[in-house]
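Everything on this sheet refers to the single structure shown next.
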Amino acid sequence: RKSAKATVTVQITDPTLTDATVTIPQYTQFTASYQGETYTFVTDQVYVAKRVGVGQYTAENVDIFEGQMLTSFEREGYFVDEDGILTVILSNENADIDSLEVFVDAEFTEDANIFTRKNDIFGVGPEDKVFYVEPYYDGRYVVYFGNNKFGLQPQAFEDIRVRYRITSGAESNGAKTFNLQLTSDTASEVTVTTTPAAGGAERETLESIRYFAPK
């Protein structure tokens with residue numbers, strides 16, 4: 001699946017603040033009500049709201065994505081196929097594969113050894129920390145590694161975890177009213193929609209993913 005994306009301007013008012021900026025963290029949550037359903041949207045990166053007046057801050061062009069982001073890297077089942085390629089099976093069929101992060105080896109902190117997704121093998125070396133994706137059975141996906149030819153392949157004994165956004169797909173397309181979920185009792189917010197939610201889609205096919213990893 002693919003999360004719907006909207007773009008908003010966030011206006012925060014908090015008379016207790018005097019800083020020049022306010023940070024909107026990665027995975028900050030927004031809510032949207034659309035066609036009788038409530039959806040959660042999250043940021044996929046950090047944004048900075050700049051002070052525009054006394055206790056007033058604005059952040060423009062904030063992209064938010066529908067779905068619930070896993071709060072930590074989760075362990076998933078894996079196997080090594082007959083060609084020696086390490087394969088990880090995602091347990092949730094509603095994963096937005098564009099949001100996938102793969103983390104290897106528990107001896108590292110979560111941000112230190114992250115593998116990133118590639119859609120093809122061009123320009124990929126044997127030590128590059130990349131992974132590839134394709135559909136699996138029952139609506140789920142699998143993550144493949146490059147077998148130390150088209151990307152570094154973790155050892156089977158290493159701790160392999162994933163993090164991704166769990167999405168409703170196309171259901172929230174058209175949502176245009178959003179509210180930032182604040183954690184401060186002294187702050188208020190106004191979220192102005194620049195671009196309504198769009199682009200949410202159902203599960204991708206093998207052809208649309210264009211998986212080229214060797215087998």
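Residue names in the structure tokens use chain letters A, B, ... in the order shown, residue numbers from 1 in each chain, and ligand numbers from 1 in the order shown.
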Please identify all polymer residues within 10 Å of Ser188 (chain A), counting only C-alpha atoms, omitting same-chain residues fewer than 6 positions from it, and present them as JSON, numbers by chain. {"A": [11, 12, 13, 14, 15, 56, 180, 181, 182]}
Name the residues in contact with Val162 (chain A) at a cut-off of 12 Å, using only C-alpha atoms, excluding same-chain residues fewer than 3 positions from it; report them as a ChimeraX atom specification. /A:69-78,88-92,95,97,99-105,110,113-117,131,142-143,159,165
Nearest to Ile24 (chain A), chosen from A:Ile85, A:Ala49, A:Val190, A:Val124, with only C-alpha atoms counted in the distances: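 For Ile24 (chain A), the nearest of the candidates is A:Ala49.
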Backbone-only DSSP, strand (DSSP E) members of region 39-111 of chain A, as a VMD selection string: chain A and resid 39 to 43 47 to 53 56 to 66 68 to 69 74 to 75 78 to 80 86 to 89 95 to 104
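Going from CA of Ala170 (chain A) to CA of Val8 (chain A) covers 19.0 Å.
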